[in-house]
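Shown next: upload-v5.txt, given as compact mmCIF, C-alpha atoms and all ligand atoms.
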# COMPACT_ATOMS: atom_id res chain seq x y z
CA MET A 20 54.88 -57.05 46.86
CA VAL A 21 57.49 -57.43 44.10
CA ALA A 22 61.13 -57.40 45.24
CA ILE A 23 63.19 -54.64 43.70
CA GLU A 24 66.04 -55.60 41.36
CA GLU A 25 69.21 -53.55 41.12
CA ARG A 26 68.77 -53.02 37.37
CA VAL A 27 67.45 -50.61 34.77
CA PHE A 28 64.54 -51.86 32.67
CA ILE A 29 64.22 -50.89 29.03
CA ALA A 30 61.02 -51.39 27.03
CA GLY A 31 61.88 -52.03 23.37
CA ALA A 32 64.92 -53.47 21.57
CA GLY A 33 64.88 -51.06 18.63
CA PRO A 34 67.97 -49.01 17.73
CA VAL A 35 67.35 -46.59 20.59
CA GLY A 36 66.62 -49.13 23.32
CA MET A 37 69.62 -51.23 22.31
CA THR A 38 71.89 -48.16 22.31
CA ALA A 39 70.69 -47.33 25.82
CA ALA A 40 71.34 -50.94 26.88
CA ALA A 41 74.85 -50.92 25.43
CA ARG A 42 75.73 -47.64 27.12
CA LEU A 43 74.47 -48.77 30.53
CA VAL A 44 76.06 -52.21 30.39
CA GLY A 45 79.30 -50.50 29.32
CA SER A 46 79.09 -48.44 32.52
CA GLY A 47 78.55 -51.53 34.65
CA VAL A 48 74.78 -51.02 35.09
CA PRO A 49 72.72 -54.25 34.87
CA VAL A 50 69.94 -54.02 32.28
CA THR A 51 66.84 -56.01 31.30
CA VAL A 52 65.31 -55.26 27.90
CA PHE A 53 61.66 -56.31 27.31
CA GLU A 54 61.02 -56.77 23.58
CA GLY A 55 57.50 -57.47 22.34
CA GLY A 56 58.71 -59.12 19.13
CA ASP A 57 60.10 -62.65 18.95
CA ASP A 58 63.30 -61.38 17.38
CA LEU A 59 65.03 -58.12 16.52
CA SER A 60 63.14 -56.28 13.79
CA THR A 61 64.42 -56.40 10.21
CA GLU A 62 61.86 -53.88 8.94
CA SER A 63 63.12 -51.49 6.27
CA ARG A 64 63.00 -48.07 7.95
CA ALA A 65 65.67 -45.44 8.59
CA SER A 66 68.83 -45.77 6.53
CA THR A 67 70.96 -42.80 7.54
CA PHE A 68 73.51 -42.55 10.32
CA HIS A 69 74.78 -38.99 10.80
CA PRO A 70 78.39 -38.07 11.67
CA SER A 71 77.47 -37.19 15.27
CA THR A 72 75.74 -40.56 15.74
CA LEU A 73 78.61 -42.50 14.18
CA ASP A 74 80.98 -40.86 16.69
CA MET A 75 78.74 -42.04 19.55
CA LEU A 76 78.36 -45.54 18.15
CA GLU A 77 82.11 -45.83 17.62
CA ASP A 78 82.54 -45.30 21.36
CA LEU A 79 80.34 -48.39 21.81
CA GLY A 80 82.37 -50.40 19.30
CA ALA A 81 79.45 -50.50 16.85
CA THR A 82 80.44 -48.23 13.96
CA GLN A 83 82.88 -50.69 12.41
CA GLY A 84 80.16 -53.34 12.21
CA LEU A 85 77.80 -50.87 10.53
CA GLU A 86 80.40 -49.71 8.02
CA ARG A 87 80.57 -53.23 6.63
CA HIS A 88 76.91 -52.93 5.59
CA GLY A 89 76.82 -49.27 4.58
CA LEU A 90 77.85 -46.72 2.00
CA ARG A 91 79.68 -43.55 2.92
CA ALA A 92 77.98 -40.41 1.61
CA ARG A 93 80.53 -37.61 1.74
CA TYR A 94 78.27 -35.24 -0.23
CA LEU A 95 74.65 -34.25 0.06
CA GLN A 96 72.90 -32.36 -2.67
CA TYR A 97 69.69 -30.44 -3.25
CA ARG A 98 68.29 -30.41 -6.74
CA SER A 99 65.22 -29.19 -8.48
CA LYS A 100 63.48 -31.24 -11.13
CA SER A 101 63.78 -28.38 -13.64
CA GLU A 102 67.10 -26.73 -12.67
CA GLY A 103 69.38 -29.67 -11.70
CA ILE A 104 71.76 -29.18 -8.78
CA LEU A 105 70.89 -26.24 -6.51
CA ALA A 106 73.55 -26.84 -3.87
CA ARG A 107 76.06 -29.48 -2.89
CA PHE A 108 77.56 -29.86 0.59
CA ASP A 109 80.77 -31.70 1.43
CA PHE A 110 80.99 -33.15 4.95
CA ASP A 111 84.77 -32.98 4.65
CA GLU A 112 84.44 -29.27 5.48
CA ILE A 113 83.66 -30.24 9.08
CA ALA A 114 86.25 -33.03 9.32
CA ASP A 115 87.77 -31.22 12.32
CA LEU A 116 84.48 -31.61 14.25
CA THR A 117 83.77 -35.32 13.78
CA ARG A 118 85.66 -38.57 13.32
CA HIS A 119 83.12 -39.48 10.61
CA PRO A 120 82.77 -36.66 8.07
CA TYR A 121 80.07 -38.46 6.08
CA ARG A 122 76.60 -39.93 6.40
CA LEU A 123 76.58 -43.70 6.51
CA GLN A 124 73.77 -45.13 4.38
CA CYS A 125 72.89 -48.38 6.14
CA GLU A 126 69.65 -50.07 7.20
CA GLN A 127 68.75 -49.31 10.82
CA TRP A 128 68.18 -52.96 11.70
CA ARG A 129 71.88 -53.62 11.20
CA LEU A 130 72.56 -51.56 14.32
CA THR A 131 70.39 -53.64 16.65
CA ARG A 132 72.13 -56.82 15.41
CA VAL A 133 75.60 -55.33 15.87
CA LEU A 134 74.75 -54.16 19.41
CA TYR A 135 73.11 -57.46 20.30
CA ASP A 136 76.25 -59.33 19.25
CA LEU A 137 78.34 -57.04 21.45
CA LEU A 138 76.04 -57.47 24.45
CA LYS A 139 74.66 -60.98 24.40
CA ASP A 140 77.33 -62.67 26.52
CA ASP A 141 77.61 -59.93 29.12
CA PRO A 142 76.27 -61.05 32.53
CA ASN A 143 74.79 -57.56 33.06
CA PHE A 144 72.61 -57.89 29.95
CA GLU A 145 69.25 -59.64 29.77
CA LEU A 146 66.95 -59.47 26.73
CA LEU A 147 63.48 -61.01 26.96
CA PHE A 148 62.01 -61.55 23.50
CA GLY A 149 58.25 -62.00 23.25
CA HIS A 150 57.64 -59.86 26.35
CA SER A 151 55.37 -56.87 25.77
CA VAL A 152 55.29 -54.17 28.37
CA GLU A 153 51.64 -53.53 29.20
CA GLY A 154 51.99 -50.90 31.89
CA CYS A 155 54.07 -49.54 34.72
CA ALA A 156 53.70 -47.90 38.12
CA GLN A 157 56.27 -46.22 40.29
CA ASP A 158 56.90 -45.40 43.93
CA HIS A 159 59.72 -43.65 45.77
CA ASP A 160 62.41 -46.27 45.07
CA GLY A 161 61.59 -47.92 41.76
CA VAL A 162 59.32 -48.73 38.82
CA THR A 163 57.20 -51.87 38.50
CA VAL A 164 56.70 -53.12 34.97
CA ASN A 165 53.85 -55.39 33.94
CA ALA A 166 54.71 -57.50 30.91
CA ARG A 167 52.88 -60.14 28.93
CA ALA A 168 54.41 -63.17 27.23
CA VAL A 169 52.57 -65.87 25.26
CA ASP A 170 51.76 -68.03 28.26
CA LYS A 171 52.13 -65.71 31.25
CA THR A 172 52.06 -62.24 32.67
CA MET A 173 54.71 -60.93 35.02
CA SER A 174 55.50 -57.98 37.27
CA ARG A 175 59.09 -56.99 37.95
CA LYS A 176 60.47 -53.95 39.71
CA ALA A 177 63.72 -52.10 38.96
CA ARG A 178 65.29 -48.80 39.93
CA PHE A 179 64.53 -47.07 36.61
CA LEU A 180 62.55 -47.65 33.42
CA ILE A 181 63.43 -46.38 29.95
CA GLY A 182 60.52 -46.38 27.49
CA ALA A 183 62.07 -47.09 24.08
CA ASP A 184 58.97 -48.84 22.81
CA GLY A 185 58.37 -46.76 19.71
CA ALA A 186 55.71 -44.35 18.50
CA SER A 187 52.76 -46.19 20.09
CA SER A 188 54.61 -46.43 23.41
CA LYS A 189 52.76 -48.27 26.18
CA VAL A 190 55.15 -46.70 28.67
CA ARG A 191 54.14 -43.21 27.52
CA ALA A 192 50.46 -44.18 27.79
CA ALA A 193 50.92 -45.71 31.27
CA LEU A 194 52.64 -42.53 32.44
CA GLY A 195 49.77 -40.47 31.02
CA ILE A 196 52.11 -38.25 29.00
CA GLU A 197 50.52 -36.41 26.06
CA PHE A 198 52.02 -36.78 22.58
CA GLU A 199 51.48 -33.28 21.25
CA GLY A 200 51.64 -32.30 17.58
CA PHE A 201 50.02 -33.12 14.28
CA THR A 202 49.79 -35.63 11.46
CA TRP A 203 50.51 -34.57 7.86
CA PRO A 204 47.61 -35.15 5.47
CA ASP A 205 49.89 -36.72 2.86
CA ARG A 206 51.62 -40.08 3.38
CA PHE A 207 55.07 -41.04 2.12
CA LEU A 208 55.74 -43.85 -0.32
CA VAL A 209 59.18 -45.48 -0.37
CA LEU A 210 60.16 -47.51 -3.43
CA SER A 211 63.38 -49.52 -3.34
CA THR A 212 64.88 -50.60 -6.65
CA PRO A 213 68.22 -51.89 -7.96
CA PHE A 214 67.85 -49.45 -10.89
CA ASP A 215 71.00 -47.29 -10.90
CA PHE A 216 69.80 -43.69 -11.03
CA SER A 217 73.36 -42.36 -10.87
CA GLU A 218 74.05 -43.88 -14.30
CA GLN A 219 71.19 -41.88 -15.81
CA ILE A 220 71.14 -38.62 -13.85
CA PRO A 221 74.36 -36.61 -14.27
CA ASP A 222 76.22 -35.81 -11.01
CA LEU A 223 73.64 -37.47 -8.78
CA ASP A 224 74.99 -37.99 -5.26
CA ILE A 225 73.86 -40.96 -3.21
CA VAL A 226 71.97 -38.58 -0.94
CA SER A 227 69.95 -36.20 -3.10
CA TYR A 228 66.83 -34.23 -2.25
CA VAL A 229 64.81 -33.03 -5.22
CA ALA A 230 62.48 -30.03 -4.90
CA ASP A 231 59.42 -30.02 -7.10
CA PRO A 232 56.03 -28.38 -6.52
CA LYS A 233 54.21 -31.30 -8.18
CA GLN A 234 56.10 -34.25 -6.73
CA TRP A 235 59.22 -33.65 -4.65
CA HIS A 236 61.24 -36.76 -3.93
CA PHE A 237 64.54 -37.96 -2.59
CA PHE A 238 67.12 -40.49 -3.71
CA LEU A 239 69.05 -42.41 -1.09
CA LYS A 240 71.37 -45.24 -1.95
CA ILE A 241 72.02 -48.18 0.35
CA PRO A 242 74.14 -51.18 -0.68
CA GLY A 243 72.55 -52.70 -3.81
CA LEU A 244 69.45 -50.52 -3.84
CA TRP A 245 68.24 -47.00 -4.42
CA ARG A 246 65.37 -45.73 -2.33
CA VAL A 247 63.03 -43.16 -3.81
CA MET A 248 60.62 -41.47 -1.45
CA LEU A 249 57.72 -39.30 -2.56
CA PRO A 250 54.48 -37.91 -1.14
CA ILE A 251 51.05 -39.46 -1.68
CA SER A 252 48.06 -37.14 -1.58
CA ALA A 253 45.41 -37.54 1.13
CA GLU A 254 42.78 -38.50 -1.47
CA MET A 255 44.54 -41.63 -2.75
CA PRO A 256 43.57 -44.87 -0.93
CA ASP A 257 46.44 -46.93 0.55
CA ASP A 258 45.94 -49.91 -1.77
CA ALA A 259 46.06 -47.67 -4.86
CA ALA A 260 49.30 -46.07 -3.66
CA LEU A 261 50.81 -49.51 -3.03
CA ASP A 262 49.74 -50.84 -6.40
CA GLU A 263 52.72 -52.00 -8.48
CA ALA A 264 51.60 -50.14 -11.62
CA TYR A 265 51.28 -46.92 -9.63
CA GLY A 266 54.80 -47.44 -8.24
CA ARG A 267 56.09 -47.79 -11.78
CA ARG A 268 54.34 -44.58 -12.82
CA CYS A 269 55.97 -42.83 -9.86
CA LEU A 270 59.43 -44.03 -10.92
CA ASP A 271 58.72 -42.90 -14.49
CA GLY A 272 57.71 -39.52 -13.11
CA VAL A 273 61.02 -39.26 -11.28
CA LEU A 274 63.04 -40.33 -14.32
CA ALA A 275 61.51 -41.24 -17.67
CA GLY A 276 62.21 -44.95 -18.32
CA ALA A 277 62.84 -45.92 -14.68
CA GLY A 278 59.34 -47.40 -14.37
CA GLY A 279 60.46 -50.59 -16.11
CA ALA A 280 62.83 -51.42 -13.26
CA GLU A 281 62.25 -54.05 -10.59
CA ILE A 282 60.67 -52.67 -7.43
CA ARG A 283 61.96 -54.73 -4.49
CA HIS A 284 60.03 -53.06 -1.65
CA ARG A 285 57.13 -50.66 -1.40
CA THR A 286 56.36 -49.03 1.95
CA LEU A 287 53.65 -46.49 2.60
CA TYR A 288 53.51 -44.66 5.86
CA ARG A 289 51.74 -41.89 7.67
CA VAL A 290 53.96 -39.08 8.88
CA HIS A 291 53.61 -37.19 12.14
CA GLN A 292 55.31 -34.35 13.99
CA ARG A 293 54.76 -35.10 17.66
CA VAL A 294 56.72 -34.54 20.87
CA ALA A 295 55.88 -35.92 24.32
CA LYS A 296 54.94 -33.24 26.82
CA THR A 297 57.79 -34.38 29.05
CA PHE A 298 60.59 -36.92 28.53
CA ARG A 299 60.78 -37.76 32.27
CA ASP A 300 58.39 -38.72 35.01
CA LYS A 301 60.41 -39.33 38.19
CA ARG A 302 62.17 -42.70 37.59
CA ALA A 303 60.72 -43.33 34.13
CA PHE A 304 61.96 -41.85 30.86
CA LEU A 305 60.95 -41.70 27.22
CA VAL A 306 63.54 -41.96 24.43
CA GLY A 307 63.44 -42.23 20.63
CA ASP A 308 60.10 -42.58 18.87
CA ALA A 309 58.36 -43.01 22.22
CA ALA A 310 59.35 -39.39 22.92
CA HIS A 311 59.17 -37.79 19.46
CA ILE A 312 58.36 -38.54 15.84
CA ASN A 313 58.96 -36.48 12.73
CA ASN A 314 59.03 -36.74 8.96
CA PRO A 315 62.14 -38.47 7.57
CA LEU A 316 63.44 -35.50 5.52
CA GLY A 317 66.90 -35.01 6.96
CA GLY A 318 67.07 -38.47 8.57
CA MET A 319 66.75 -37.12 12.09
CA GLY A 320 64.27 -39.51 13.77
CA MET A 321 66.42 -42.48 14.66
CA ASN A 322 69.54 -40.32 15.03
CA GLY A 323 67.80 -37.98 17.48
CA GLY A 324 66.63 -41.05 19.40
CA ILE A 325 70.18 -42.39 19.66
CA HIS A 326 71.27 -38.96 20.91
CA ASP A 327 68.52 -39.20 23.59
CA ALA A 328 69.78 -42.62 24.67
CA VAL A 329 73.37 -41.42 24.95
CA ASN A 330 72.39 -38.32 26.91
CA LEU A 331 70.10 -40.14 29.35
CA THR A 332 72.38 -43.09 30.02
CA GLY A 333 75.33 -40.76 30.71
CA LEU A 334 73.29 -39.19 33.51
CA LEU A 335 71.82 -42.47 34.75
CA ALA A 336 75.27 -44.07 35.04
CA LYS A 337 76.39 -41.11 37.15
CA VAL A 338 73.37 -41.52 39.45
CA TRP A 339 74.05 -45.26 39.65
CA ASN A 340 77.64 -44.64 40.67
CA GLY A 341 76.69 -41.98 43.23
CA GLN A 342 78.30 -39.12 41.31
CA ILE A 343 75.14 -37.02 40.98
CA ASP A 344 71.78 -36.81 42.73
CA ILE A 345 68.67 -38.35 41.17
CA GLU A 346 67.05 -34.92 40.78
CA GLN A 347 69.73 -34.03 38.24
CA LEU A 348 68.09 -36.46 35.83
CA GLY A 349 65.75 -33.59 34.98
CA LEU A 350 68.58 -32.30 32.80
CA TYR A 351 67.74 -35.05 30.31
CA ASP A 352 64.29 -33.63 29.70
CA ARG A 353 65.53 -30.03 29.57
CA GLN A 354 68.30 -30.75 27.09
CA ARG A 355 66.76 -33.34 24.80
CA ARG A 356 63.18 -32.04 24.68
CA THR A 357 64.41 -28.52 23.95
CA VAL A 358 66.56 -29.57 21.00
CA THR A 359 63.90 -31.95 19.74
CA LEU A 360 61.54 -28.99 19.44
CA ASP A 361 64.09 -26.37 18.33
CA ALA A 362 66.25 -28.43 16.00
CA VAL A 363 64.65 -31.69 14.87
CA GLN A 364 61.00 -30.65 14.62
CA LYS A 365 61.69 -27.23 13.08
CA GLN A 366 64.29 -28.54 10.66
CA THR A 367 62.26 -31.49 9.38
CA ILE A 368 59.14 -29.35 8.91
CA GLN A 369 61.23 -26.74 7.05
CA ASN A 370 62.80 -29.48 4.89
CA LYS A 371 59.37 -30.63 3.77
CA LYS A 372 58.21 -27.08 3.06
CA ASP A 373 61.36 -26.37 1.04
CA LEU A 374 61.00 -29.43 -1.17
CA GLU A 375 57.30 -28.94 -1.88
CA ALA A 376 57.46 -25.11 -2.17
CA ALA A 377 55.00 -24.00 -4.85
CA SER A 378 55.04 -20.20 -4.67
CA ALA A 379 57.81 -18.19 -6.33
CA ALA A 380 58.52 -16.48 -3.00
CA ASP A 381 58.98 -19.77 -1.08
CA GLN A 382 61.14 -21.23 -3.84
CA ALA A 383 63.33 -18.11 -3.89
CA ASP A 384 63.64 -18.18 -0.10
CA PHE A 385 64.86 -21.81 -0.16
CA ARG A 386 67.39 -21.09 -2.89
CA SER A 387 68.68 -17.95 -1.20
CA ARG A 388 69.23 -19.84 2.09
CA LEU A 389 71.23 -22.46 0.18
CA HIS A 390 73.26 -19.82 -1.64
CA ARG A 391 73.95 -17.92 1.59
CA ALA A 392 75.13 -21.16 3.22
CA LEU A 393 77.54 -21.81 0.36
CA ALA A 394 78.76 -18.20 0.06
CA THR A 395 81.16 -18.29 3.03
CA GLU A 396 83.19 -20.95 4.82
CA ASP A 397 81.48 -20.13 8.13
CA GLY A 398 78.05 -20.36 6.50
CA THR A 399 78.84 -23.73 4.95
CA ARG A 400 80.19 -25.12 8.21
CA ALA A 401 77.18 -23.90 10.17
CA TYR A 402 74.85 -25.52 7.63
CA LEU A 403 76.77 -28.80 7.72
CA GLU A 404 76.76 -28.79 11.53
CA ARG A 405 72.97 -28.66 11.42
CA LEU A 406 72.77 -31.42 8.78
CA ALA A 407 75.14 -33.61 10.78
CA MET A 408 73.15 -32.96 14.00
CA LEU A 409 76.27 -31.58 15.68
CA ALA A 410 74.62 -28.20 16.24
CA SER A 411 71.78 -29.75 18.27
CA LEU A 412 74.29 -31.52 20.50
CA LYS A 413 76.10 -28.22 21.05
CA GLN A 414 72.81 -26.53 21.88
CA ALA A 415 71.84 -29.31 24.32
CA ALA A 416 75.23 -29.18 26.07
CA ALA A 417 74.76 -25.45 26.74
CA ILE A 418 71.48 -26.07 28.63
CA THR A 419 71.99 -26.47 32.38
C1 LIG I 501 58.08 -47.07 7.54
C2 LIG I 501 59.04 -46.18 8.29
C3 LIG I 501 60.11 -45.57 7.62
C4 LIG I 501 60.99 -44.75 8.30
N1 LIG I 501 62.01 -44.14 7.62
C5 LIG I 501 62.84 -43.31 8.26
C6 LIG I 501 63.89 -42.64 7.59
O1 LIG I 501 64.05 -42.78 6.38
N2 LIG I 501 64.72 -41.82 8.34
C7 LIG I 501 64.55 -41.65 9.71
O2 LIG I 501 65.33 -40.94 10.36
N3 LIG I 501 63.58 -42.26 10.35
C8 LIG I 501 62.73 -43.09 9.66
N4 LIG I 501 61.76 -43.72 10.34
C9 LIG I 501 61.74 -43.55 11.79
C10 LIG I 501 62.76 -44.47 12.45
O3 LIG I 501 62.59 -45.77 11.93
C11 LIG I 501 62.56 -44.38 13.94
O4 LIG I 501 62.89 -43.06 14.35
C12 LIG I 501 63.39 -45.38 14.73
O5 LIG I 501 63.02 -46.70 14.43
C13 LIG I 501 63.19 -45.13 16.24
O6 LIG I 501 63.80 -46.14 16.97
P1 LIG I 501 63.20 -46.59 18.36
O7 LIG I 501 64.16 -47.59 18.88
O8 LIG I 501 62.88 -45.39 19.18
O9 LIG I 501 61.78 -47.24 18.03
P2 LIG I 501 61.44 -48.52 17.15
O10 LIG I 501 62.44 -48.71 16.07
O11 LIG I 501 60.01 -48.40 16.78
O12 LIG I 501 61.64 -49.74 18.15
C14 LIG I 501 60.73 -49.98 19.20
C15 LIG I 501 60.91 -51.43 19.66
O13 LIG I 501 60.05 -51.62 20.76
C16 LIG I 501 59.31 -52.82 20.57
N5 LIG I 501 58.03 -52.61 21.28
C17 LIG I 501 56.97 -51.88 20.90
N6 LIG I 501 56.03 -51.89 21.85
C18 LIG I 501 56.52 -52.65 22.87
C19 LIG I 501 56.03 -53.03 24.14
N7 LIG I 501 54.83 -52.62 24.57
N8 LIG I 501 56.79 -53.81 24.92
C20 LIG I 501 58.03 -54.23 24.52
N9 LIG I 501 58.54 -53.91 23.30
C21 LIG I 501 57.80 -53.12 22.51
C22 LIG I 501 59.17 -52.97 19.07
O14 LIG I 501 58.94 -54.32 18.72
C23 LIG I 501 60.52 -52.46 18.61
O15 LIG I 501 61.49 -53.48 18.58
C24 LIG I 501 60.84 -44.53 9.68
C25 LIG I 501 59.78 -45.14 10.35
C26 LIG I 501 58.87 -45.95 9.68
C27 LIG I 501 57.72 -46.56 10.43

As structure tokens - that is how I would like this structure written.
Amino acid sequence: MVAIEERVFIAGAGPVGMTAAARLVGSGVPVTVFEGGDDLSTESRASTFHPSTLDMLEDLGATQGLERHGLRARYLQYRSKSEGILARFDFDEIADLTRHPYRLQCEQWRLTRVLYDLLKDDPNFELLFGHSVEGCAQDHDGVTVNARAVDKTMSRKARFLIGADGASSKVRAALGIEFEGFTWPDRFLVLSTPFDFSEQIPDLDIVSYVADPKQWHFFLKIPGLWRVMLPISAEMPDDAALDEAYGRRCLDGVLAGAGGAEIRHRTLYRVHQRVAKTFRDKRAFLVGDAAHINNPLGGMGMNGGIHDAVNLTGLLAKVWNGQIDIEQLGLYDRQRRTVTLDAVQKQTIQNKKDLEAASAADQADFRSRLHRALATEDGTRAYLERLAMLASLKQAAAIT
């Protein structure tokens, strides 16, 4: 029998697992993180930190480190290819609700590095690189994790396990939790280029979503690069979509003449809308992509995952310190799963529909929602609260 350790185990050192680790260690809870990779990932993925998330990360001492590698986006705009700007929102209008009235455009991998630097010398923090979680089993007092390293396998038991091991979560599989939802037929292509679109497109903000029935796209700027994302039809093979000449044609389609620019990175990925049937099974929990995945329109995937980690660890620390009973951990599932379905999934699906809208009725509906949001101060603030993911936190807090 494996002896139980007075710790919380976390599978996965991505942005969500590392946020959970930082929160627990900050509350005096010893943590072991099992990371399958040999180092922290530097993959180019999410690049948006919302105001609500920046507030949470500031409490961990991490926002300052991110700001050094990011760009502040005070405005967000919607455009159409044929009409120009449809609506422009200014996060300053909700400056009374957040300490960070802007989106920070910064690569997600910066966060794991910043958090690792904050944690690495803390005696309550252990990170095992090259250790893949293969499975888990639980009994009345703890969870046993089976992990594999290059030259060995191991079993260790702790009081709780947080599955932050991404979309193909082994923890979710071991718990037998369904990942319900669907996969979009189209894939998304991301092209990163130093070409300065703002010099060529009048009034382009560094976060701009462009509606177009033929090829919607978005522009996001991070330090030194613009990212353009656009859909790839189901019929096109992956290698054709990743072909350099095709990438150039896409950039030319977005802005005539841009196709001559250097393309630094090309990423093609399949997009899903899926939510785990439950985020909790007794002493084991799912957070981040292990619990939910969605399309990136609105930048809500990683941010929602960080919100999960903050919610769960707040409750876990209270259980650890004897302030609440273990059964109250069910609140995590009720609050976070509800807002994942009601806010993140609905909003990201609607965002995609709005940008690709082909019928006159759908296009008019999108424009009238934008105009209504801008018509009154209350409407603008409510819209911005949804964009900034403050509304979903308010909704979660009201669930008991
Ligand atoms: C190509 C791409 C582009 C994206 N772009 C955007 C975007 O623009 N906006 C947005 O909001 N979101 C985007 N996302 C989603 C965003 O990156 C995720 O929501 C975010 O990474 C979730 O963080 P996480 O920590 O939950 O999972 P991950 O970042 O996937 O981290 C999981 C960690 O667990 C480790 N791991 C996996 N399996 C095991 C195991 N069995 N044992 C131990 N460790 C394990 C992995 O090595 C990794 O370090 C994108 C995703 C992809 C794939």

Do you know which residues are at most 7 Å from Lys100 of chain A counting only C-alpha atoms, after dropping those on the same chain fewer than 3 positions away, and could you put them as a PDB file with C-alpha atoms, keeping the file's coordinate frame?
ATOM      1  CA  GLY A 103      69.380 -29.670 -11.700  1.00  0.00           C
ATOM      2  CA  VAL A 229      64.810 -33.030  -5.220  1.00  0.00           C
ATOM      3  CA  ALA A 230      62.480 -30.030  -4.900  1.00  0.00           C
ATOM      4  CA  ASP A 231      59.420 -30.020  -7.100  1.00  0.00           C
TER       5      ASP A 231
END

Tell me, counting only C-alpha atoms and all ligand atoms, for each residue of chain A within 6 Å of ligand LIG 501 (chain I), which pair of atoms is nearest and how far apart they are in Å to one decimal, in rows ordered by chain and increasing number, as JSON lines.
{"residue": "A:Ala30", "atom": "CA", "partner": "I:LIG501", "partner_atom": "C20", "distance": 4.8}
{"residue": "A:Gly31", "atom": "CA", "partner": "I:LIG501", "partner_atom": "O13", "distance": 3.2}
{"residue": "A:Ala32", "atom": "CA", "partner": "I:LIG501", "partner_atom": "O15", "distance": 4.6}
{"residue": "A:Gly33", "atom": "CA", "partner": "I:LIG501", "partner_atom": "O12", "distance": 3.5}
{"residue": "A:Pro34", "atom": "CA", "partner": "I:LIG501", "partner_atom": "O7", "distance": 4.2}
{"residue": "A:Val35", "atom": "CA", "partner": "I:LIG501", "partner_atom": "O7", "distance": 3.8}
{"residue": "A:Gly36", "atom": "CA", "partner": "I:LIG501", "partner_atom": "O7", "distance": 5.3}
{"residue": "A:Phe53", "atom": "CA", "partner": "I:LIG501", "partner_atom": "C20", "distance": 5.0}
{"residue": "A:Glu54", "atom": "CA", "partner": "I:LIG501", "partner_atom": "N9", "distance": 3.8}
{"residue": "A:Gly55", "atom": "CA", "partner": "I:LIG501", "partner_atom": "N9", "distance": 3.8}
{"residue": "A:Gly56", "atom": "CA", "partner": "I:LIG501", "partner_atom": "O14", "distance": 4.8}
{"residue": "A:Ser60", "atom": "CA", "partner": "I:LIG501", "partner_atom": "O15", "distance": 5.8}
{"residue": "A:Arg64", "atom": "CA", "partner": "I:LIG501", "partner_atom": "C3", "distance": 3.8}
{"residue": "A:Ala65", "atom": "CA", "partner": "I:LIG501", "partner_atom": "C6", "distance": 3.5}
{"residue": "A:Ser66", "atom": "CA", "partner": "I:LIG501", "partner_atom": "O1", "distance": 5.6}
{"residue": "A:His150", "atom": "CA", "partner": "I:LIG501", "partner_atom": "C20", "distance": 5.9}
{"residue": "A:Ser151", "atom": "CA", "partner": "I:LIG501", "partner_atom": "N8", "distance": 3.5}
{"residue": "A:Val152", "atom": "CA", "partner": "I:LIG501", "partner_atom": "N8", "distance": 3.8}
{"residue": "A:Glu153", "atom": "CA", "partner": "I:LIG501", "partner_atom": "N7", "distance": 5.7}
{"residue": "A:Ala183", "atom": "CA", "partner": "I:LIG501", "partner_atom": "O8", "distance": 5.2}
{"residue": "A:Asp184", "atom": "CA", "partner": "I:LIG501", "partner_atom": "O13", "distance": 3.6}
{"residue": "A:Gly185", "atom": "CA", "partner": "I:LIG501", "partner_atom": "O11", "distance": 3.7}
{"residue": "A:Ser188", "atom": "CA", "partner": "I:LIG501", "partner_atom": "N6", "distance": 5.9}
{"residue": "A:Lys189", "atom": "CA", "partner": "I:LIG501", "partner_atom": "N7", "distance": 5.1}
{"residue": "A:Tyr288", "atom": "CA", "partner": "I:LIG501", "partner_atom": "C1", "distance": 5.4}
{"residue": "A:Gly307", "atom": "CA", "partner": "I:LIG501", "partner_atom": "O8", "distance": 3.5}
{"residue": "A:Asp308", "atom": "CA", "partner": "I:LIG501", "partner_atom": "O8", "distance": 4.0}
{"residue": "A:Ala309", "atom": "CA", "partner": "I:LIG501", "partner_atom": "O8", "distance": 5.9}
{"residue": "A:Pro315", "atom": "CA", "partner": "I:LIG501", "partner_atom": "N2", "distance": 4.3}
{"residue": "A:Gly318", "atom": "CA", "partner": "I:LIG501", "partner_atom": "O2", "distance": 3.5}
{"residue": "A:Met319", "atom": "CA", "partner": "I:LIG501", "partner_atom": "O2", "distance": 4.4}
{"residue": "A:Gly320", "atom": "CA", "partner": "I:LIG501", "partner_atom": "O2", "distance": 3.8}
{"residue": "A:Met321", "atom": "CA", "partner": "I:LIG501", "partner_atom": "O4", "distance": 3.6}
{"residue": "A:Gly324", "atom": "CA", "partner": "I:LIG501", "partner_atom": "O8", "distance": 5.7}

### Polymer residues at most 12 Å from segment 250-253 of chain A, all atoms listed in the file, same-chain spacing of 4 or more positions, as a VMD selection string
chain A and resid 202 to 210 230 to 237 257 to 261 265 to 266 269 286 to 290 314 to 316 371 374 to 375

Residues of segment 21-99 of chain A within 7 Å of segment 330-344 of chain A: nearest atom pair and distance (Å, one decimal) for each, counting only C-alpha atoms, sorted by chain and number, as a Markdown table?
| residue | atom | partner | partner_atom | distance |
| --- | --- | --- | --- | --- |
| A:Ala39 | CA | A:Thr332 | CA | 6.2 |
| A:Arg42 | CA | A:Thr332 | CA | 6.4 |
| A:Leu43 | CA | A:Thr332 | CA | 6.1 |
| A:Ser46 | CA | A:Ala336 | CA | 6.3 |
| A:Val48 | CA | A:Ala336 | CA | 7.0 |

### Query
atom CA of Ser211 of chain A and atom CA of His284 of chain A are how many Å apart?
5.2 Å
